$ cat data_1.cif   # mmCIF, C-alpha atoms
data_coords
#
loop_
_atom_site.label_atom_id
_atom_site.label_comp_id
_atom_site.auth_asym_id
_atom_site.auth_seq_id
_atom_site.Cartn_x
_atom_site.Cartn_y
_atom_site.Cartn_z
CA MET A 119 16.66 -18.72 7.04
CA ASN A 120 20.41 -18.34 7.53
CA LYS A 121 22.41 -21.51 8.12
CA GLY A 122 24.16 -22.01 11.42
CA ARG A 123 27.92 -21.77 11.75
CA LEU A 124 30.26 -24.62 12.60
CA ILE A 125 32.54 -23.38 15.39
CA VAL A 126 35.69 -25.24 16.40
CA PHE A 127 36.49 -24.49 20.05
CA SER A 128 39.84 -25.55 21.53
CA ALA A 129 41.62 -24.81 24.80
CA PRO A 130 44.35 -26.32 26.96
CA SER A 131 43.25 -28.11 30.12
CA GLY A 132 42.62 -25.63 32.93
CA CYS A 133 41.59 -22.72 30.69
CA GLY A 134 37.99 -22.87 31.85
CA LYS A 135 36.47 -23.96 28.55
CA GLY A 136 33.80 -26.04 30.30
CA THR A 137 32.65 -23.05 32.33
CA MET A 138 32.67 -20.85 29.22
CA LEU A 139 30.63 -23.36 27.24
CA ALA A 140 28.06 -23.66 30.03
CA GLU A 141 27.46 -19.90 29.72
CA ILE A 142 27.47 -19.89 25.90
CA LEU A 143 24.96 -22.77 25.71
CA LYS A 144 22.40 -20.77 27.67
CA ASP A 145 21.80 -19.18 24.26
CA GLU A 146 19.58 -21.68 22.43
CA SER A 147 21.03 -20.74 19.02
CA PHE A 148 24.16 -22.69 20.03
CA ARG A 149 24.66 -26.39 20.75
CA CYS A 150 27.67 -28.58 21.45
CA SER A 151 28.24 -31.57 19.21
CA ILE A 152 28.25 -34.84 21.18
CA SER A 153 31.18 -37.05 20.18
CA ALA A 154 31.16 -40.83 19.87
CA THR A 155 33.73 -42.90 21.75
CA THR A 156 34.59 -46.53 22.33
CA ARG A 157 35.76 -45.98 25.90
CA LYS A 158 33.55 -46.93 28.83
CA PRO A 159 31.48 -44.23 30.58
CA ARG A 160 33.07 -42.70 33.66
CA GLU A 161 31.10 -42.21 36.85
CA GLY A 162 28.40 -39.58 36.31
CA GLU A 163 28.58 -39.72 32.50
CA ALA A 164 25.45 -40.54 30.49
CA ASP A 165 25.09 -41.92 26.98
CA GLY A 166 23.83 -39.26 24.58
CA VAL A 167 24.70 -36.48 27.03
CA ASN A 168 28.48 -36.56 27.51
CA TYR A 169 29.28 -38.95 24.65
CA TYR A 170 27.68 -41.62 22.52
CA PHE A 171 29.28 -44.74 24.00
CA ILE A 172 29.61 -47.39 21.28
CA THR A 173 31.62 -50.55 20.63
CA ASN A 174 34.71 -50.81 18.43
CA GLU A 175 32.63 -52.73 15.91
CA GLU A 176 29.95 -50.02 15.81
CA PHE A 177 32.60 -47.32 15.44
CA GLU A 178 34.32 -49.14 12.59
CA GLN A 179 30.96 -49.69 10.89
CA LYS A 180 30.28 -45.96 11.05
CA LEU A 181 33.77 -45.31 9.68
CA SER A 182 33.00 -47.54 6.69
CA GLU A 183 29.78 -45.55 6.16
CA ASP A 184 31.71 -42.23 6.16
CA ALA A 185 29.60 -41.12 9.13
CA PHE A 186 32.34 -39.07 10.83
CA LEU A 187 33.42 -35.52 10.18
CA GLU A 188 36.69 -36.32 11.98
CA HIS A 189 37.96 -39.11 14.19
CA ALA A 190 41.09 -40.08 16.09
CA GLY A 191 42.54 -42.87 18.18
CA TYR A 192 43.67 -41.97 21.71
CA CYS A 193 44.79 -44.29 24.54
CA ASP A 194 43.46 -47.43 22.79
CA HIS A 195 40.05 -45.90 22.12
CA TYR A 196 38.34 -44.19 19.22
CA TYR A 197 36.80 -40.73 19.38
CA GLY A 198 34.89 -39.05 16.57
CA THR A 199 32.51 -36.27 15.54
CA LEU A 200 29.43 -37.63 13.79
CA LYS A 201 28.20 -35.68 10.75
CA SER A 202 24.66 -36.29 12.07
CA GLU A 203 25.60 -34.18 15.10
CA VAL A 204 26.58 -31.25 12.89
CA ASP A 205 24.94 -30.78 9.49
CA PRO A 206 21.22 -31.22 10.36
CA TYR A 207 21.53 -28.53 13.05
CA LEU A 208 23.42 -26.12 10.79
CA GLU A 209 20.57 -26.45 8.27
CA LYS A 210 18.13 -25.41 11.01
CA GLY A 211 20.15 -22.23 11.67
CA ILE A 212 21.73 -23.52 14.89
CA ASN A 213 25.43 -22.83 15.52
CA VAL A 214 27.27 -26.08 16.33
CA ILE A 215 30.33 -26.00 18.58
CA LEU A 216 32.96 -28.73 18.29
CA GLU A 217 34.95 -28.84 21.52
CA ILE A 218 38.04 -30.69 20.31
CA GLU A 219 41.80 -30.70 20.82
CA VAL A 220 44.17 -29.02 18.40
CA GLN A 221 45.05 -32.10 16.30
CA GLY A 222 41.36 -32.80 15.66
CA ALA A 223 40.81 -29.12 14.91
CA MET A 224 43.50 -29.17 12.23
CA LYS A 225 41.75 -32.15 10.58
CA VAL A 226 38.49 -30.20 10.55
CA ARG A 227 40.34 -27.17 9.14
CA LYS A 228 41.14 -29.24 6.03
CA LEU A 229 37.65 -30.72 5.72
CA ARG A 230 35.58 -27.66 6.63
CA PRO A 231 37.62 -24.52 5.93
CA ASP A 232 34.39 -22.49 6.22
CA ALA A 233 34.20 -23.26 9.95
CA LEU A 234 35.04 -20.61 12.56
CA PHE A 235 38.11 -21.56 14.64
CA VAL A 236 38.34 -20.13 18.16
CA PHE A 237 41.23 -20.82 20.56
CA ILE A 238 40.83 -20.16 24.28
CA ALA A 239 44.08 -19.18 26.00
CA PRO A 240 45.02 -18.66 29.66
CA PRO A 241 46.25 -15.19 30.75
CA SER A 242 49.67 -16.78 31.40
CA VAL A 243 51.26 -20.17 31.97
CA ASN A 244 51.70 -19.30 35.66
CA GLU A 245 47.97 -18.53 35.95
CA LEU A 246 47.17 -21.83 34.24
CA ARG A 247 49.40 -23.65 36.74
CA ARG A 248 47.67 -21.81 39.62
CA ARG A 249 44.20 -22.86 38.35
CA LEU A 250 45.26 -26.48 38.01
CA HIS A 251 46.62 -26.42 41.58
CA LYS A 252 43.37 -24.86 42.79
CA ARG A 253 41.39 -27.83 41.45
CA GLY A 254 43.19 -30.02 43.96
CA THR A 255 42.45 -33.13 41.91
CA GLU A 256 45.85 -33.95 40.41
CA SER A 257 49.40 -34.61 41.52
CA GLU A 258 52.22 -32.14 40.92
CA GLU A 259 53.57 -34.44 38.20
CA VAL A 260 50.24 -34.52 36.34
CA ILE A 261 49.88 -30.74 36.67
CA GLU A 262 53.30 -30.22 35.10
CA GLN A 263 52.38 -32.64 32.31
CA ARG A 264 49.23 -30.59 31.64
CA VAL A 265 51.23 -27.34 31.68
CA ALA A 266 53.71 -28.83 29.19
CA ALA A 267 50.80 -30.00 26.99
CA ALA A 268 49.25 -26.54 27.19
CA HIS A 269 52.55 -24.99 26.10
CA GLU A 270 52.53 -27.29 23.04
CA GLU A 271 48.87 -26.52 22.26
CA LEU A 272 49.54 -22.77 22.44
CA THR A 273 51.91 -23.14 19.48
CA TYR A 274 48.83 -23.95 17.36
CA ALA A 275 46.98 -20.75 18.32
CA ASP A 276 48.11 -18.92 15.17
CA LYS A 277 46.29 -21.51 13.06
CA TYR A 278 42.93 -20.38 14.48
CA ASP A 279 40.85 -17.41 13.37
CA TYR A 280 40.50 -15.86 16.83
CA VAL A 281 42.20 -16.15 20.22
CA ILE A 282 40.18 -15.31 23.32
CA VAL A 283 42.02 -14.90 26.62
CA ASN A 284 39.93 -16.33 29.46
CA ASP A 285 41.02 -14.03 32.27
CA ALA A 286 37.57 -12.96 33.50
CA LEU A 287 34.76 -15.36 32.53
CA GLU A 288 32.18 -12.69 31.71
CA ASP A 289 34.60 -10.88 29.39
CA ALA A 290 35.67 -14.10 27.64
CA VAL A 291 32.05 -15.13 26.98
CA SER A 292 31.25 -11.62 25.73
CA ASP A 293 34.28 -11.80 23.41
CA PHE A 294 33.06 -15.13 22.05
CA PHE A 295 29.63 -13.73 21.14
CA ALA A 296 31.31 -10.65 19.62
CA VAL A 297 33.47 -12.89 17.39
CA VAL A 298 30.45 -14.89 16.18
CA ARG A 299 28.48 -11.72 15.49
CA ALA A 300 31.39 -10.16 13.60
CA GLU A 301 31.63 -13.27 11.42
CA GLN A 302 27.91 -13.02 10.63
CA LEU A 303 28.49 -9.49 9.30
CA THR A 304 31.36 -10.20 6.89
CA VAL A 305 30.77 -9.44 3.22
CA LYS A 306 31.07 -13.17 2.45
CA ALA A 307 28.40 -14.06 5.02
CA GLN A 308 26.12 -11.29 3.75
CA SER A 309 26.66 -11.99 0.02
CA GLU A 310 23.22 -13.54 -0.55
CA PHE A 311 21.54 -10.59 1.15
CA ILE A 312 23.53 -8.10 -0.94
CA ASP A 313 22.69 -9.96 -4.17
CA GLU A 314 19.00 -9.94 -3.23
CA VAL A 315 19.01 -6.19 -2.53
CA ILE A 316 20.75 -5.45 -5.84
CA LYS A 317 18.37 -7.72 -7.75
CA ASN A 318 15.31 -5.98 -6.28
CA ALA A 319 16.66 -2.41 -6.59
#
$ encode --input "data_1.cif" --output "structure tokens"
Amino acid sequence: MNKGRLIVFSAPSGCGKGTMLAEILKDESFRCSISATTRKPREGEADGVNYYFITNEEFEQKLSEDAFLEHAGYCDHYYGTLKSEVDPYLEKGINVILEIEVQGAMKVRKLRPDALFVFIAPPSVNELRRRLHKRGTESEEVIEQRVAAAHEELTYADKYDYVIVNDALEDAVSDFFAVVRAEQLTVKAQSEFIDEVIKNA
């Protein structure tokens, strides 16, 4: 059985990554890693579904046990990707998606260079601004902060393996599956198969 692939999936706010992931995860050979955090659950969030909500003490204990693939502090809280959310599933042949921001992705790049890094980009900054306005959930000031953050995140795009422009959802999801399939067909990915064929020739 082939191992699953670790896929790092990053996108600026407003790029539609949540909608994309909802479509991708309809395929049962993919799952999203659930991160651990020390912040309190927000309304509608459930433990073990959106995050694993744990205390600072529990988080630090797991840190001492080397239980995290990557972790970071943000706004007085810890966030981290548990190895137990990744490796056991890869061994079962399931592709694991890490939905993380660019700084976390660069940490994973150093630790797991074999992972597949996919960056989701908006068609343009103006389109991103339009989508954020359409949400109707944030002030003009917050929207401009998100646009500025997106501009900064876009400077990291060249450190990823693939960039997918989420203009039309169906096309972006199709592009994602095409990228994963292409990676499965590289000579490196097929090396064991090739060796087996040569051995039995």
$ axis_aligned_box --input "data_1.cif" --around "segment 287-293 of chain A" --padding-each-side "6 Å" --output "JSON"
{"center_x": 33.5, "center_y": -13.1, "center_z": 28.0, "size_x": 16.4, "size_y": 16.5, "size_z": 21.1}
$ closest_residue --input "data_1.cif" --among "A:Phe186, A:Phe294, A:Tyr196, A:Tyr207" --to "Leu229 of chain A" --atoms "only C-alpha atoms"
A:Phe186
$ closest_atom_pairs --input "data_1.cif" --of "segment 143-258 of chain A" --to "segment 263-273 of chain A" --cutoff "12 Å" --atoms "only C-alpha atoms" --output "CSV"
residue,atom,partner,partner_atom,distance
A:Ile218,CA,A:Glu271,CA,11.8
A:Glu219,CA,A:Glu271,CA,8.3
A:Val220,CA,A:Glu271,CA,6.6
A:Gln221,CA,A:Glu271,CA,9.0
A:Gly222,CA,A:Glu271,CA,11.8
A:Ala223,CA,A:Glu271,CA,11.2
A:Met224,CA,A:Glu271,CA,11.7
A:Phe237,CA,A:Leu272,CA,8.7
A:Ile238,CA,A:Leu272,CA,9.3
A:Ala239,CA,A:Leu272,CA,7.4
A:Pro240,CA,A:Ala268,CA,9.3
A:Pro241,CA,A:Leu272,CA,11.7
A:Ser242,CA,A:His269,CA,10.2
A:Val243,CA,A:Val265,CA,7.2
A:Asn244,CA,A:Val265,CA,9.0
A:Glu245,CA,A:Val265,CA,10.3
A:Leu246,CA,A:Val265,CA,7.3
A:Arg247,CA,A:Val265,CA,6.5
A:Arg248,CA,A:Val265,CA,10.3
A:Arg249,CA,A:Val265,CA,10.7
A:Leu250,CA,A:Arg264,CA,8.6
A:His251,CA,A:Val265,CA,11.0
A:Glu256,CA,A:Arg264,CA,10.0
A:Ser257,CA,A:Gln263,CA,9.9
A:Glu258,CA,A:Gln263,CA,8.6
$ atom_distance --input "data_1.cif" --atom1 "atom CA of Met138 of chain A" --atom2 "atom CA of Asp276 of chain A"
21.0 Å
$ atom_distance --input "data_1.cif" --atom1 "atom CA of Lys158 of chain A" --atom2 "atom CA of Glu176 of chain A"
13.9 Å
$ resolve_selection --input "data_1.cif" --expression "the PyMOL selection byres ((chain A and resi 152) around 7)" --output "MDAnalysis selection string"
chainID A and resid 150:151 153:154 168:170 203
$ residues_around --input "data_1.cif" --residues "segment 210-216 of chain A" --least-positions-apart "2" --cutoff "9 Å" --atoms "only C-alpha atoms" --output "list in words"
Met119, Asn120, Lys121, Gly122, Arg123, Leu124, Ile125, Val126, Phe127, Ser128, Glu146, Ser147, Phe148, Arg149, Cys150, Ser151, Ile152, Ser153, Thr199, Glu203, Val204, Asp205, Pro206, Tyr207, Leu208, Ile218 and Ala223 of chain A
$ closest_residue --input "data_1.cif" --among "A:Val291, A:Glu178, A:Val298, A:Asn318" --to "Ile142 of chain A" --atoms "all atoms listed in the file"
A:Val291
$ closest_residue --input "data_1.cif" --among "A:Lys201, A:Asp232, A:Glu163, A:Thr304" --to "Glu183 of chain A" --atoms "all atoms listed in the file"
A:Lys201
$ atom_distance --input "data_1.cif" --atom1 "atom CA of Lys228 of chain A" --atom2 "atom CA of Lys180 of chain A"
20.6 Å
$ decode --input "data_1.cif" --residues "segment 195-212 of chain A" --atoms "N, CA and C atoms" --output "tab-separated table (two decimals), in the first residue's frame"
chain	number	residue	atom	x	y	z
A	195	HIS	N	-1.68	32.84	22.79
A	195	HIS	CA	-2.10	31.44	22.80
A	195	HIS	C	-1.15	30.60	21.97
A	196	TYR	N	-1.11	29.31	22.29
A	196	TYR	CA	-0.34	28.36	21.51
A	196	TYR	C	-1.22	27.69	20.46
A	197	TYR	N	-0.62	27.39	19.33
A	197	TYR	CA	-1.26	26.58	18.29
A	197	TYR	C	-0.22	25.56	17.83
A	198	GLY	N	-0.65	24.34	17.52
A	198	GLY	CA	0.32	23.35	17.05
A	198	GLY	C	-0.31	22.20	16.31
A	199	THR	N	0.50	21.57	15.44
A	199	THR	CA	0.08	20.39	14.69
A	199	THR	C	0.65	19.16	15.38
A	200	LEU	N	-0.21	18.30	15.88
A	200	LEU	CA	0.22	17.08	16.56
A	200	LEU	C	0.69	16.03	15.56
A	201	LYS	N	1.82	15.40	15.85
A	201	LYS	CA	2.31	14.32	14.98
A	201	LYS	C	1.28	13.19	14.88
A	202	SER	N	0.52	12.99	15.97
A	202	SER	CA	-0.49	11.92	15.99
A	202	SER	C	-1.64	12.20	15.02
A	203	GLU	N	-1.75	13.46	14.57
A	203	GLU	CA	-2.77	13.83	13.60
A	203	GLU	C	-2.27	13.66	12.17
A	204	VAL	N	-1.00	13.30	12.03
A	204	VAL	CA	-0.40	13.23	10.70
A	204	VAL	C	0.10	11.83	10.35
A	205	ASP	N	1.13	11.38	11.05
A	205	ASP	CA	1.84	10.16	10.65
A	205	ASP	C	0.99	8.88	10.61
A	206	PRO	N	0.14	8.61	11.61
A	206	PRO	CA	-0.66	7.37	11.54
A	206	PRO	C	-1.55	7.31	10.30
A	207	TYR	N	-2.05	8.45	9.87
A	207	TYR	CA	-2.92	8.49	8.69
A	207	TYR	C	-2.12	8.32	7.40
A	208	LEU	N	-0.93	8.92	7.36
A	208	LEU	CA	-0.08	8.74	6.18
A	208	LEU	C	0.27	7.27	6.00
A	209	GLU	N	0.51	6.56	7.11
A	209	GLU	CA	0.84	5.13	7.04
A	209	GLU	C	-0.33	4.31	6.48
A	210	LYS	N	-1.55	4.81	6.69
A	210	LYS	CA	-2.75	4.11	6.18
A	210	LYS	C	-3.05	4.47	4.74
A	211	GLY	N	-2.21	5.32	4.12
A	211	GLY	CA	-2.43	5.71	2.73
A	211	GLY	C	-3.36	6.89	2.56
A	212	ILE	N	-3.65	7.59	3.66
A	212	ILE	CA	-4.53	8.77	3.60
A	212	ILE	C	-3.67	10.03	3.47
